[in-house]
Every structure is written in C-alpha cells, then in structure tokens.
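Student: model-v3.pdb (PDB, C-alpha atoms and all ligand atoms) pasted underneath:
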ATOM      1  CA  MET A   1       5.953 -15.683   9.450
ATOM      2  CA  SER A   2       6.674 -17.046  12.942
ATOM      3  CA  ILE A   3       9.362 -15.902  15.325
ATOM      4  CA  PRO A   4      11.519 -18.494  17.063
ATOM      5  CA  GLY A   5      10.413 -18.329  20.668
ATOM      6  CA  ILE A   6       6.678 -17.748  20.218
ATOM      7  CA  LYS A   7       5.733 -21.343  19.728
ATOM      8  CA  LYS A   8       3.322 -21.730  22.612
ATOM      9  CA  ALA A   9      -0.193 -20.509  23.238
ATOM     10  CA  ILE A  10      -2.334 -20.757  26.342
ATOM     11  CA  ILE A  11      -6.074 -21.085  25.792
ATOM     12  CA  PRO A  12      -7.914 -20.651  29.108
ATOM     13  CA  ALA A  13     -11.174 -22.562  28.973
ATOM     14  CA  ALA A  14     -11.927 -23.335  32.607
ATOM     15  CA  GLY A  15     -14.618 -20.690  33.112
ATOM     16  CA  MET A  16     -18.224 -21.475  33.995
ATOM     17  CA  GLY A  17     -19.839 -19.842  30.956
ATOM     18  CA  THR A  18     -22.750 -18.514  33.012
ATOM     19  CA  ARG A  19     -23.696 -15.893  30.403
ATOM     20  CA  PHE A  20     -24.666 -18.714  28.128
ATOM     21  CA  LEU A  21     -26.876 -20.767  30.431
ATOM     22  CA  PRO A  22     -28.759 -23.038  30.071
ATOM     23  CA  ALA A  23     -26.713 -24.175  27.017
ATOM     24  CA  THR A  24     -23.557 -24.415  29.140
ATOM     25  CA  LYS A  25     -25.142 -26.514  31.879
ATOM     26  CA  VAL A  26     -23.598 -29.579  30.219
ATOM     27  CA  ILE A  27     -21.854 -28.390  27.032
ATOM     28  CA  PRO A  28     -18.667 -26.321  27.463
ATOM     29  CA  LYS A  29     -19.288 -22.962  25.816
ATOM     30  CA  GLU A  30     -16.075 -23.352  23.815
ATOM     31  CA  LEU A  31     -17.649 -26.291  21.975
ATOM     32  CA  ILE A  32     -20.823 -24.509  20.927
ATOM     33  CA  PRO A  33     -20.534 -24.262  17.151
ATOM     34  CA  ILE A  34     -20.293 -21.146  15.054
ATOM     35  CA  VAL A  35     -21.861 -22.509  11.859
ATOM     36  CA  GLU A  36     -20.315 -26.008  11.943
ATOM     37  CA  LYS A  37     -17.081 -25.491  13.901
ATOM     38  CA  PRO A  38     -16.765 -25.106  17.672
ATOM     39  CA  ALA A  39     -15.707 -21.578  18.610
ATOM     40  CA  ILE A  40     -12.422 -22.849  20.062
ATOM     41  CA  GLN A  41     -11.444 -24.429  16.737
ATOM     42  CA  TYR A  42     -11.364 -20.978  15.110
ATOM     43  CA  ILE A  43      -8.922 -19.961  17.846
ATOM     44  CA  VAL A  44      -6.677 -23.016  17.447
ATOM     45  CA  GLU A  45      -6.583 -22.398  13.686
ATOM     46  CA  GLU A  46      -5.574 -18.776  14.297
ATOM     47  CA  ALA A  47      -2.788 -19.894  16.648
ATOM     48  CA  ILE A  48      -1.481 -22.369  14.066
ATOM     49  CA  SER A  49      -1.519 -19.678  11.374
ATOM     50  CA  ALA A  50       0.785 -17.595  13.584
ATOM     51  CA  GLY A  51       3.317 -20.432  13.883
ATOM     52  CA  VAL A  52       2.282 -21.783  17.288
ATOM     53  CA  GLU A  53       3.447 -25.379  17.779
ATOM     54  CA  GLU A  54       2.025 -26.157  21.217
ATOM     55  CA  ILE A  55      -1.392 -25.281  22.594
ATOM     56  CA  VAL A  56      -1.788 -25.388  26.356
ATOM     57  CA  PHE A  57      -5.453 -25.770  27.256
ATOM     58  CA  VAL A  58      -6.418 -24.724  30.777
ATOM     59  CA  ILE A  59      -9.606 -26.567  31.679
ATOM     60  CA  SER A  60     -11.593 -27.685  34.683
ATOM     61  CA  ARG A  61     -12.004 -31.411  35.341
ATOM     62  CA  ASP A  62     -15.513 -31.438  33.859
ATOM     63  CA  LYS A  63     -14.468 -29.790  30.575
ATOM     64  CA  GLU A  64     -12.295 -32.612  29.218
ATOM     65  CA  LYS A  65     -14.530 -32.648  26.111
ATOM     66  CA  VAL A  66     -12.890 -29.375  25.023
ATOM     67  CA  VAL A  67      -9.610 -31.245  24.538
ATOM     68  CA  ASP A  68     -11.311 -34.391  23.191
ATOM     69  CA  HIS A  69     -12.389 -32.289  20.233
ATOM     70  CA  PHE A  70      -8.717 -32.066  19.191
ATOM     71  CA  ARG A  71      -7.849 -35.703  19.886
ATOM     72  CA  PRO A  72      -8.077 -38.354  17.148
ATOM     73  CA  GLN A  73     -11.529 -40.018  17.171
ATOM     74  CA  THR A  74     -10.546 -43.402  15.768
ATOM     75  CA  GLU A  75     -14.045 -44.900  15.585
ATOM     76  CA  MET A  76     -15.466 -41.932  13.697
ATOM     77  CA  GLU A  77     -12.417 -41.887  11.403
ATOM     78  CA  ALA A  78     -12.815 -45.603  10.624
ATOM     79  CA  PHE A  79     -16.544 -45.088   9.947
ATOM     80  CA  LEU A  80     -15.911 -42.210   7.526
ATOM     81  CA  LYS A  81     -13.166 -44.202   5.768
ATOM     82  CA  THR A  82     -15.545 -47.136   5.220
ATOM     83  CA  LYS A  83     -18.125 -44.767   3.777
ATOM     84  CA  GLY A  84     -15.528 -43.048   1.599
ATOM     85  CA  ASP A  85     -16.535 -39.686   3.134
ATOM     86  CA  ARG A  86     -13.266 -37.864   2.436
ATOM     87  CA  ALA A  87     -14.579 -34.372   3.103
ATOM     88  CA  ASN A  88     -15.663 -35.138   6.656
ATOM     89  CA  LEU A  89     -12.578 -37.284   7.267
ATOM     90  CA  GLN A  90     -10.431 -34.323   6.288
ATOM     91  CA  ALA A  91     -12.552 -32.030   8.495
ATOM     92  CA  ILE A  92     -12.060 -34.153  11.621
ATOM     93  CA  THR A  93      -8.386 -35.002  11.152
ATOM     94  CA  GLU A  94      -6.825 -31.851   9.733
ATOM     95  CA  LEU A  95      -5.777 -30.437  13.087
ATOM     96  CA  ASN A  96      -4.572 -33.767  14.537
ATOM     97  CA  ASN A  97      -0.907 -33.323  13.697
ATOM     98  CA  LYS A  98      -0.481 -29.628  13.070
ATOM     99  CA  VAL A  99       0.161 -28.730  16.684
ATOM    100  CA  ARG A 100       0.897 -30.387  20.046
ATOM    101  CA  TYR A 101      -1.838 -30.256  22.677
ATOM    102  CA  THR A 102      -1.054 -30.030  26.385
ATOM    103  CA  VAL A 103      -3.638 -29.931  29.165
ATOM    104  CA  VAL A 104      -3.429 -28.292  32.573
ATOM    105  CA  TYR A 105      -6.198 -28.071  35.122
ATOM    106  CA  GLN A 106      -7.607 -25.141  37.041
ATOM    107  CA  ASP A 107      -9.578 -26.718  39.840
ATOM    108  CA  LYS A 108     -11.497 -23.573  40.798
ATOM    109  CA  PRO A 109     -12.438 -20.686  38.498
ATOM    110  CA  LEU A 110     -10.392 -18.109  40.399
ATOM    111  CA  GLY A 111     -10.063 -15.809  37.411
ATOM    112  CA  LEU A 112      -8.285 -15.416  34.073
ATOM    113  CA  GLY A 113      -4.972 -14.440  35.720
ATOM    114  CA  HIS A 114      -5.059 -17.590  37.827
ATOM    115  CA  ALA A 115      -5.922 -19.713  34.759
ATOM    116  CA  VAL A 116      -2.873 -18.347  32.910
ATOM    117  CA  TRP A 117      -0.699 -18.924  35.996
ATOM    118  CA  CYS A 118      -1.838 -22.577  36.052
ATOM    119  CA  ALA A 119      -0.021 -23.037  32.707
ATOM    120  CA  ARG A 120       3.370 -21.773  33.974
ATOM    121  CA  GLU A 121       5.090 -25.167  34.019
ATOM    122  CA  ALA A 122       3.964 -25.979  30.485
ATOM    123  CA  VAL A 123       5.218 -22.622  29.167
ATOM    124  CA  LYS A 124       8.468 -22.442  31.190
ATOM    125  CA  ASP A 125      10.762 -19.602  30.048
ATOM    126  CA  ASP A 126       9.278 -18.988  26.633
ATOM    127  CA  TRP A 127       7.367 -16.055  25.251
ATOM    128  CA  PHE A 128       3.806 -17.132  24.621
ATOM    129  CA  PHE A 129       0.382 -16.119  23.377
ATOM    130  CA  VAL A 130      -2.830 -16.124  25.378
ATOM    131  CA  PHE A 131      -5.968 -16.529  23.277
ATOM    132  CA  LEU A 132      -9.402 -16.151  24.830
ATOM    133  CA  PRO A 133     -11.722 -18.580  23.097
ATOM    134  CA  ASP A 134     -14.685 -16.177  23.464
ATOM    135  CA  ASP A 135     -13.085 -13.591  21.207
ATOM    136  CA  LEU A 136     -13.313 -14.428  17.544
ATOM    137  CA  ILE A 137     -11.627 -11.966  15.210
ATOM    138  CA  ASP A 138     -12.068 -12.247  11.475
ATOM    139  CA  HIS A 139      -9.601 -10.699   9.045
ATOM    140  CA  GLU A 140      -7.650 -11.949   6.026
ATOM    141  CA  VAL A 141      -4.511 -11.520   8.162
ATOM    142  CA  PRO A 142      -5.349 -13.320  11.410
ATOM    143  CA  CYS A 143      -5.034 -11.113  14.501
ATOM    144  CA  ALA A 144      -2.223 -13.262  15.952
ATOM    145  CA  VAL A 145      -0.238 -12.861  12.719
ATOM    146  CA  GLN A 146      -0.786  -9.087  12.881
ATOM    147  CA  MET A 147       0.554  -9.159  16.439
ATOM    148  CA  ILE A 148       3.642 -11.139  15.413
ATOM    149  CA  ARG A 149       4.320  -8.553  12.698
ATOM    150  CA  SER A 150       3.961  -5.777  15.244
ATOM    151  CA  TRP A 151       6.310  -7.710  17.569
ATOM    152  CA  GLU A 152       8.889  -7.910  14.778
ATOM    153  CA  ALA A 153       8.924  -4.114  14.551
ATOM    154  CA  HIS A 154       8.500  -3.393  18.284
ATOM    155  CA  ALA A 155       9.506  -6.402  20.373
ATOM    156  CA  GLY A 156       7.847  -6.524  23.769
ATOM    157  CA  ALA A 157       4.722  -7.652  25.580
ATOM    158  CA  THR A 158       1.762  -6.780  23.379
ATOM    159  CA  VAL A 159      -1.993  -6.846  23.970
ATOM    160  CA  ALA A 160      -4.655  -6.563  21.275
ATOM    161  CA  VAL A 161      -7.030  -3.631  21.734
ATOM    162  CA  MET A 162     -10.021  -2.111  19.984
ATOM    163  CA  GLU A 163     -12.270   0.869  20.458
ATOM    164  CA  VAL A 164     -15.571  -0.067  22.111
ATOM    165  CA  PRO A 165     -18.665   2.093  22.686
ATOM    166  CA  TRP A 166     -18.231   4.169  25.874
ATOM    167  CA  GLU A 167     -21.326   2.625  27.448
ATOM    168  CA  ARG A 168     -19.609  -0.779  27.314
ATOM    169  CA  VAL A 169     -16.166   0.108  28.760
ATOM    170  CA  SER A 170     -17.175  -1.350  32.138
ATOM    171  CA  GLN A 171     -17.098  -4.850  30.623
ATOM    172  CA  TYR A 172     -13.412  -4.709  29.660
ATOM    173  CA  GLY A 173      -9.830  -4.050  30.699
ATOM    174  CA  VAL A 174      -9.375  -0.491  29.409
ATOM    175  CA  VAL A 175      -5.993   0.981  28.474
ATOM    176  CA  LYS A 176      -4.369   4.364  28.305
ATOM    177  CA  ALA A 177      -1.592   4.352  25.710
ATOM    178  CA  LEU A 178       0.856   6.840  24.227
ATOM    179  CA  PRO A 179       0.616   6.558  20.413
ATOM    180  CA  ILE A 180       3.740   5.327  18.577
ATOM    181  CA  THR A 181       2.168   4.572  15.197
ATOM    182  CA  GLU A 182      -1.432   4.600  13.961
ATOM    183  CA  SER A 183      -2.017   1.084  15.292
ATOM    184  CA  LEU A 184       0.471   0.853  18.165
ATOM    185  CA  GLY A 185       0.749   2.588  21.513
ATOM    186  CA  LYS A 186       2.937   2.248  24.597
ATOM    187  CA  MET A 187       0.667   1.471  27.527
ATOM    188  CA  GLU A 188       0.668   3.859  30.466
ATOM    189  CA  THR A 189      -2.003   2.139  32.471
ATOM    190  CA  VAL A 190      -4.856  -0.349  32.353
ATOM    191  CA  VAL A 191      -8.012  -0.499  34.473
ATOM    192  CA  GLU A 192     -10.155  -3.611  34.761
ATOM    193  CA  LYS A 193     -13.892  -3.070  34.305
ATOM    194  CA  PRO A 194     -13.887   0.676  35.085
ATOM    195  CA  LYS A 195     -17.010   2.745  35.529
ATOM    196  CA  ARG A 196     -17.602   4.789  32.397
ATOM    197  CA  GLU A 197     -16.604   8.042  34.128
ATOM    198  CA  GLU A 198     -13.377   6.476  35.434
ATOM    199  CA  ALA A 199     -12.259   4.802  32.183
ATOM    200  CA  PRO A 200      -8.957   6.228  30.857
ATOM    201  CA  SER A 201     -10.165   5.738  27.241
ATOM    202  CA  ASN A 202     -12.494   3.516  25.251
ATOM    203  CA  LEU A 203      -9.644   1.266  24.075
ATOM    204  CA  ALA A 204     -10.412  -2.196  25.418
ATOM    205  CA  ILE A 205      -8.213  -5.284  25.640
ATOM    206  CA  ILE A 206      -9.620  -8.030  23.447
ATOM    207  CA  GLY A 207      -8.623 -11.666  24.033
ATOM    208  CA  ARG A 208      -5.094 -11.762  22.526
ATOM    209  CA  TYR A 209      -1.901 -11.298  24.515
ATOM    210  CA  LEU A 210       1.742 -11.850  23.632
ATOM    211  CA  LEU A 211       3.605 -12.176  26.910
ATOM    212  CA  PRO A 212       7.003 -12.969  28.432
ATOM    213  CA  SER A 213       7.268 -15.708  31.060
ATOM    214  CA  MET A 214       8.018 -13.105  33.758
ATOM    215  CA  ILE A 215       4.258 -12.503  33.869
ATOM    216  CA  PHE A 216       4.018 -15.684  35.989
ATOM    217  CA  SER A 217       6.039 -14.182  38.853
ATOM    218  CA  LEU A 218       3.866 -11.051  38.653
ATOM    219  CA  LEU A 219       0.726 -13.210  38.763
ATOM    220  CA  GLU A 220       2.005 -14.875  41.964
ATOM    221  CA  LYS A 221       1.635 -11.537  43.736
ATOM    222  CA  VAL A 222      -1.774 -10.559  42.377
ATOM    223  CA  LYS A 223      -4.562 -10.449  44.936
ATOM    224  CA  PRO A 224      -8.187 -10.968  43.890
ATOM    225  CA  GLY A 225      -9.386  -7.712  42.313
ATOM    226  CA  ALA A 226     -12.422  -6.730  40.221
ATOM    227  CA  ILE A 227     -15.319  -9.187  40.820
ATOM    228  CA  GLY A 228     -13.180 -11.135  43.333
ATOM    229  CA  GLU A 229     -11.067 -12.817  40.623
ATOM    230  CA  ILE A 230      -7.308 -12.922  40.060
ATOM    231  CA  GLN A 231      -7.086 -10.662  37.036
ATOM    232  CA  LEU A 232      -4.495 -10.933  34.287
ATOM    233  CA  THR A 233      -4.845  -7.171  33.935
ATOM    234  CA  ASP A 234      -3.274  -6.623  37.375
ATOM    235  CA  ALA A 235      -0.135  -8.534  36.359
ATOM    236  CA  ILE A 236      -0.025  -6.577  33.096
ATOM    237  CA  LEU A 237      -0.052  -3.424  35.183
ATOM    238  CA  GLY A 238       3.146  -4.746  36.841
ATOM    239  CA  LEU A 239       4.635  -5.431  33.411
ATOM    240  CA  ILE A 240       3.845  -1.869  32.272
ATOM    241  CA  LYS A 241       5.904  -0.585  35.205
ATOM    242  CA  SER A 242       8.867  -2.920  34.627
ATOM    243  CA  GLU A 243       9.373  -3.926  30.985
ATOM    244  CA  GLY A 244       6.653  -1.921  29.245
ATOM    245  CA  VAL A 245       3.682  -3.206  27.260
ATOM    246  CA  TYR A 246       2.421  -2.314  23.787
ATOM    247  CA  ALA A 247      -1.249  -1.955  22.884
ATOM    248  CA  TYR A 248      -1.857  -3.076  19.315
ATOM    249  CA  GLN A 249      -5.051  -1.950  17.590
ATOM    250  CA  PHE A 250      -5.845  -4.876  15.325
ATOM    251  CA  GLU A 251      -7.739  -4.944  12.061
ATOM    252  CA  GLY A 252     -10.742  -7.219  11.736
ATOM    253  CA  GLU A 253     -14.239  -7.851  12.900
ATOM    254  CA  HIS A 254     -14.625  -8.949  16.496
ATOM    255  CA  PHE A 255     -17.325 -11.178  17.987
ATOM    256  CA  ASP A 256     -17.678 -11.970  21.682
ATOM    257  CA  VAL A 257     -19.179 -15.413  21.310
ATOM    258  CA  GLY A 258     -19.362 -15.831  25.093
ATOM    259  CA  ASN A 259     -22.567 -13.792  25.039
ATOM    260  CA  LYS A 260     -25.747 -14.586  23.180
ATOM    261  CA  LEU A 261     -25.827 -11.571  20.867
ATOM    262  CA  GLY A 262     -22.175 -11.915  19.861
ATOM    263  CA  PHE A 263     -22.747 -15.604  19.238
ATOM    264  CA  LEU A 264     -25.712 -14.908  16.931
ATOM    265  CA  GLY A 265     -23.735 -12.192  15.107
ATOM    266  CA  ALA A 266     -20.797 -14.564  14.589
ATOM    267  CA  ASN A 267     -23.075 -17.244  13.172
ATOM    268  CA  ILE A 268     -24.540 -14.807  10.663
ATOM    269  CA  HIS A 269     -21.109 -13.373   9.781
ATOM    270  CA  PHE A 270     -19.354 -16.721   9.314
ATOM    271  CA  GLY A 271     -22.516 -18.191   7.757
ATOM    272  CA  ILE A 272     -22.495 -15.505   5.045
ATOM    273  CA  GLN A 273     -18.815 -16.268   4.398
ATOM    274  CA  HIS A 274     -19.292 -20.026   4.308
ATOM    275  CA  PRO A 275     -18.199 -21.488   0.930
ATOM    276  CA  ASP A 276     -21.331 -23.683   0.570
ATOM    277  CA  LEU A 277     -23.957 -21.890   2.635
ATOM    278  CA  GLY A 278     -22.994 -18.243   2.051
ATOM    279  CA  PRO A 279     -25.551 -17.232  -0.621
ATOM    280  CA  GLN A 280     -28.394 -19.006   1.186
ATOM    281  CA  VAL A 281     -27.533 -17.398   4.520
ATOM    282  CA  SER A 282     -27.434 -13.948   2.874
ATOM    283  CA  GLU A 283     -30.838 -14.624   1.323
ATOM    284  CA  LEU A 284     -32.212 -15.790   4.689
ATOM    285  CA  VAL A 285     -30.962 -12.647   6.452
ATOM    286  CA  LYS A 286     -32.505 -10.470   3.717
ATOM    287  CA  LEU A 287     -35.845 -12.288   3.933
ATOM    288  CA  PHE A 288     -35.926 -11.888   7.712
ATOM    289  CA  ALA A 289     -35.105  -8.171   7.461
ATOM    290  CA  GLU A 290     -37.861  -7.617   4.883
ATOM    291  CA  SER A 291     -40.523  -9.599   6.720
ATOM    292  CA  ARG A 292     -40.060  -7.977  10.138
TER     293      ARG A 292
HETATM  294  P1  LIG B 301     -14.983 -15.110  31.033
HETATM  295  O1  LIG B 301     -15.271 -14.469  32.327
HETATM  296  O2  LIG B 301     -15.402 -14.421  29.795
HETATM  297  O3  LIG B 301     -15.578 -16.586  30.945
HETATM  298  O4  LIG B 301     -13.444 -15.446  30.965
HETATM  299  P2  LIG B 301     -16.547 -17.343  31.901
HETATM  300  O5  LIG B 301     -16.214 -17.119  33.325
HETATM  301  O6  LIG B 301     -16.563 -18.749  31.407
HETATM  302  O7  LIG B 301     -17.919 -16.685  31.447
HETATM  303  P3  LIG B 301     -19.196 -16.180  32.224
HETATM  304  O8  LIG B 301     -18.928 -14.751  32.564
HETATM  305  O9  LIG B 301     -19.442 -17.075  33.411
HETATM  306  O10 LIG B 301     -20.269 -16.337  31.184
HETATM  307  C1  LIG B 301     -12.649 -15.324  29.778
HETATM  308  C2  LIG B 301     -11.952 -16.643  29.469
HETATM  309  O11 LIG B 301     -11.164 -17.054  30.563
HETATM  310  C3  LIG B 301     -11.494 -18.370  30.957
HETATM  311  C4  LIG B 301     -12.893 -18.626  30.441
HETATM  312  O12 LIG B 301     -13.069 -20.015  30.170
HETATM  313  C5  LIG B 301     -12.937 -17.783  29.183
HETATM  314  O13 LIG B 301     -12.426 -18.504  28.084
HETATM  315  N1  LIG B 301     -11.431 -18.443  32.432
HETATM  316  C6  LIG B 301     -12.055 -17.508  33.187
HETATM  317  C7  LIG B 301     -10.739 -19.491  33.009
HETATM  318  O14 LIG B 301     -10.169 -20.356  32.312
HETATM  319  N2  LIG B 301     -10.703 -19.549  34.379
HETATM  320  C8  LIG B 301     -11.313 -18.630  35.162
HETATM  321  O15 LIG B 301     -11.214 -18.740  36.404
HETATM  322  C9  LIG B 301     -12.000 -17.577  34.550
END
I'd like the structure from this file rewritten - as structure tokens, please.
Ligand code: UTP

Tutor:
Amino acid sequence: MSIPGIKKAIIPAAGMGTRFLPATKVIPKELIPIVEKPAIQYIVEEAISAGVEEIVFVISRDKEKVVDHFRPQTEMEAFLKTKGDRANLQAITELNNKVRYTVVYQDKPLGLGHAVWCAREAVKDDWFFVFLPDDLIDHEVPCAVQMIRSWEAHAGATVAVMEVPWERVSQYGVVKALPITESLGKMETVVEKPKREEAPSNLAIIGRYLLPSMIFSLLEKVKPGAIGEIQLTDAILGLIKSEGVYAYQFEGEHFDVGNKLGFLGANIHFGIQHPDLGPQVSELVKLFAESR
C-alpha cells in the first residue's frame, strides 16, 4: 500500500487554537477528545495506515503534552497490568511502536508555512505528507491512502480538496484546477482566503498534502501573506509554476474539529459509529431531535 519514499509525515500543532477558547487556554486543542480519542490520534492512525514510519510533530514549547500522548506512560501501564485491564492497556500502548515520533519546535506561531519549514531538517530530501490535525476525514479508505493511490497513478505534489459552500470559501485556500479525471485535476492557481467574488472556484484545500522536499526552499522565500502569516499556500503556488501540483478530490466525510460546530459534529458522527456506544448515541440524537 505504501510507496518507498513517503515514510514521513509532518503534523503541525503549534497554533494557538483561539477558535476553541476557553478550552484551549491550558489544553492543546489537538488533545481535546472526539468521543474517547484525542483528535490528533485519529490523524496519527491515518498516517500509519498510509505506511508512514516517522511522524514529525511541530509544537510550541508549551504544547509538549501533545507528544506525551504518544510516549509510553509506564506508571499507567503498570497500574493497568496489575488490574488486569487488558482493553485499556491495549488502548494506551497500541501506537507506541508502530511509528517513530520526532519533535521540532516552532517558537512563534508565524503561520502554517513556517511550521512546515521548521520540520525541514527532520524531513531532509524525502517526499512527505503534511496532515493538519484539525481536519478529520472519515472513509473506509483513509484519505492519505486515497492520496497514495492517486500518487501511484499520477506522481507529483498532491493536495486534498473538497467542494465547500460558496459563502465559506474565504476560510480556505481555494484552487483552480484543470480536470484530468473525475477526482483529479492539475492545479492552475491557488488563492488563500479569497473574498467570495474573487475565489477561482469553491474547491478548497483540506488538511492533507503530499509534497516534495523542494517546498522548503520555496518556503524560505515566502513573505507573510493573508492574515500576516507565512502561508503554505504561497509556496504551493511556486510549486505549481515549477513542478506542477495535483488537486485530489477525496472521498469521505470531513470535520473541522478546530471549530466548535465541527467538533460537535465529529463527536456525534464518531459516537454513532462507536462499537460500544453507537446505538445509544443514535438514540440520544433521535430523542434530542424529537424533543426540540
Ligand atoms: P489553524 O490556523 O487552523 O490553527 O492552523 P490555530 O492557529 O491553532 O487555530 P485558531 O485559528 O487560533 O483557532 C492549522 C494548523 O496549523 C498549525 C495549527 O496548530 C493547526 O494544526 N499551525 C498554525 C502551526 O503549527 N503553527 C502556526 O504558526 C499556525
């Protein structure tokens, strides 16, 4: 399933999470659970399913807890062993050895592009994924696996895109792409957070990127753009002009868990799918709908 060469994934998690205050005053937003698993664990599991062997977390100094979640917790493990609680022991150890975790620091939240650039020495000359931990995508074939399959047919930098309502285009990087197949297009341009009337389409980039290491030299040259941040989109624009970039329209349901509504939606969605809780969550949702 995996391609030699795409063994690394960057997960930028150094942002401030202001859309989720006051919860994120102390708790990193990536650790807020969707049902019983922190959002970022869904992302790490997706990366592993696509054959990733090393995760590079980009964090700020006060978000070390994000990485702690993936480190062995020996006291808790010993406690669960004594109690014979195999289910929970399995739950807290299953990701310990499946992938290597590397940490790099972004000392100031200068933007997503800058966060990715901070990981350049960990990634070196390899192709790599970027996963945004806010964007959960649910499908029987994980989005990253879909992207690998697309890469096998059309090798090259690839970003995941989906159609969004026109009134929301200003929240995204929006692409214009020349269709190649039903789900794949060759990008002609991308605009970060355009006004609705200036958006080239309603196809928005959603938190998954498959990139070559040359993006780092493009990021070096990027000046702060939309909302004063160093945008990954601006470097992708450079890549469109040099190597070319594909836009891949993935299959699956998307939740932006970095905002309150998306977070609630994800909890209901994954709650309904939960092997133990599913029927009760469905019943709860039905009862709420009927009583309001
Ligand atoms: P967001 O802009 O969605 O995250 O960035 P944020 O800044 O944490 O959220 P708000 O807007 O204040 O609520 C997308 C991803 O990029 C990371 C964030 O952690 C998030 O996972 N990011 C963003 C960084 O790592 N560094 C940055 O400078 C900016």

Student: Please write as a list in words the list of polymer residues whose atoms come within 7 Å of (-18.9, -25.9, 30.0), counting only C-alpha atoms and keeping to the coordinates of the file.

Tutor: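 The requested residues, written out, are Met16, Gly17, Thr24, Lys25, Val26, Ile27, Pro28, Lys29 and Lys63 of chain A.
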
Student: Would you write out those residues with C-alpha atoms, as a CSV table (one decimal), in the frame of the given file?

Tutor:
chain,number,residue,atom,x,y,z
A,16,MET,CA,-18.2,-21.5,34.0
A,17,GLY,CA,-19.8,-19.8,31.0
A,24,THR,CA,-23.6,-24.4,29.1
A,25,LYS,CA,-25.1,-26.5,31.9
A,26,VAL,CA,-23.6,-29.6,30.2
A,27,ILE,CA,-21.9,-28.4,27.0
A,28,PRO,CA,-18.7,-26.3,27.5
A,29,LYS,CA,-19.3,-23.0,25.8
A,63,LYS,CA,-14.5,-29.8,30.6

Student: What is the distance, in Å and to one decimal place, between CA of Leu284 in chain A and CA of Phe263 in chain A?

Tutor: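 Between CA of Leu284 in chain A and CA of Phe263 in chain A the gap is 17.4 Å.
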
Student: Applied to the shown file, which residues does the PyMOL selection byres (((chain A and resi 215) around 10) and not hetatm) return, written as a tab-separated table (two decimals) with C-alpha atoms, keeping the file's coordinate frame?

Tutor:
chain	number	residue	atom	x	y	z
A	113	GLY	CA	-4.97	-14.44	35.72
A	116	VAL	CA	-2.87	-18.35	32.91
A	117	TRP	CA	-0.70	-18.92	36.00
A	120	ARG	CA	3.37	-21.77	33.97
A	127	TRP	CA	7.37	-16.06	25.25
A	157	ALA	CA	4.72	-7.65	25.58
A	211	LEU	CA	3.60	-12.18	26.91
A	212	PRO	CA	7.00	-12.97	28.43
A	213	SER	CA	7.27	-15.71	31.06
A	214	MET	CA	8.02	-13.10	33.76
A	216	PHE	CA	4.02	-15.68	35.99
A	217	SER	CA	6.04	-14.18	38.85
A	218	LEU	CA	3.87	-11.05	38.65
A	219	LEU	CA	0.73	-13.21	38.76
A	220	GLU	CA	2.00	-14.88	41.96
A	232	LEU	CA	-4.50	-10.93	34.29
A	235	ALA	CA	-0.14	-8.53	36.36
A	236	ILE	CA	-0.02	-6.58	33.10
A	238	GLY	CA	3.15	-4.75	36.84
A	239	LEU	CA	4.64	-5.43	33.41

Student: Taking (-9.7, -24.8, 37.3) in the file's coordinates, which residues come within 6 Å, counting all atoms listed in the file, written as JSON, numbers by chain?

Tutor: {"A": [14, 59, 60, 105, 106, 107, 108, 109]}

Student: For the PyMOL selection byres (((chain A and resi 245-262) around 8) and not hetatm), applied here, can you spell out every residue it catches as a PDB file with C-alpha atoms, in the frame of the given file?

Tutor:
ATOM      1  CA  GLY A  17     -19.839 -19.842  30.956  1.00  0.00           C
ATOM      2  CA  ARG A  19     -23.696 -15.893  30.403  1.00  0.00           C
ATOM      3  CA  PHE A  20     -24.666 -18.714  28.128  1.00  0.00           C
ATOM      4  CA  LYS A  29     -19.288 -22.962  25.816  1.00  0.00           C
ATOM      5  CA  ALA A  39     -15.707 -21.578  18.610  1.00  0.00           C
ATOM      6  CA  ASP A 134     -14.685 -16.177  23.464  1.00  0.00           C
ATOM      7  CA  ASP A 135     -13.085 -13.591  21.207  1.00  0.00           C
ATOM      8  CA  LEU A 136     -13.313 -14.428  17.544  1.00  0.00           C
ATOM      9  CA  ILE A 137     -11.627 -11.966  15.210  1.00  0.00           C
ATOM     10  CA  ASP A 138     -12.068 -12.247  11.475  1.00  0.00           C
ATOM     11  CA  HIS A 139      -9.601 -10.699   9.045  1.00  0.00           C
ATOM     12  CA  CYS A 143      -5.034 -11.113  14.501  1.00  0.00           C
ATOM     13  CA  GLN A 146      -0.786  -9.087  12.881  1.00  0.00           C
ATOM     14  CA  MET A 147       0.554  -9.159  16.439  1.00  0.00           C
ATOM     15  CA  SER A 150       3.961  -5.777  15.244  1.00  0.00           C
ATOM     16  CA  GLY A 156       7.847  -6.524  23.769  1.00  0.00           C
ATOM     17  CA  ALA A 157       4.722  -7.652  25.580  1.00  0.00           C
ATOM     18  CA  THR A 158       1.762  -6.780  23.379  1.00  0.00           C
ATOM     19  CA  VAL A 159      -1.993  -6.846  23.970  1.00  0.00           C
ATOM     20  CA  ALA A 160      -4.655  -6.563  21.275  1.00  0.00           C
ATOM     21  CA  VAL A 161      -7.030  -3.631  21.734  1.00  0.00           C
ATOM     22  CA  MET A 162     -10.021  -2.111  19.984  1.00  0.00           C
ATOM     23  CA  VAL A 175      -5.993   0.981  28.474  1.00  0.00           C
ATOM     24  CA  ALA A 177      -1.592   4.352  25.710  1.00  0.00           C
ATOM     25  CA  SER A 183      -2.017   1.084  15.292  1.00  0.00           C
ATOM     26  CA  LEU A 184       0.471   0.853  18.165  1.00  0.00           C
ATOM     27  CA  GLY A 185       0.749   2.588  21.513  1.00  0.00           C
ATOM     28  CA  LYS A 186       2.937   2.248  24.597  1.00  0.00           C
ATOM     29  CA  MET A 187       0.667   1.471  27.527  1.00  0.00           C
ATOM     30  CA  ILE A 236      -0.025  -6.577  33.096  1.00  0.00           C
ATOM     31  CA  LEU A 239       4.635  -5.431  33.411  1.00  0.00           C
ATOM     32  CA  ILE A 240       3.845  -1.869  32.272  1.00  0.00           C
ATOM     33  CA  GLU A 243       9.373  -3.926  30.985  1.00  0.00           C
ATOM     34  CA  GLY A 244       6.653  -1.921  29.245  1.00  0.00           C
ATOM     35  CA  PHE A 263     -22.747 -15.604  19.238  1.00  0.00           C
ATOM     36  CA  LEU A 264     -25.712 -14.908  16.931  1.00  0.00           C
ATOM     37  CA  GLY A 265     -23.735 -12.192  15.107  1.00  0.00           C
ATOM     38  CA  ALA A 266     -20.797 -14.564  14.589  1.00  0.00           C
TER      39      ALA A 266
END

Student: What would the selection look like, as a list in words, if the PyMOL selection byres (((chain A and resi 131-133) around 8) and not hetatm) were run on the coordinates I just shared?

Tutor: Ala9, Ile10, Ile11, Pro12, Ala13, Glu30, Ala39, Ile40, Ile43, Phe129, Val130, Asp134, Asp135, Leu136, Gly207, Arg208 and Tyr209 of chain A
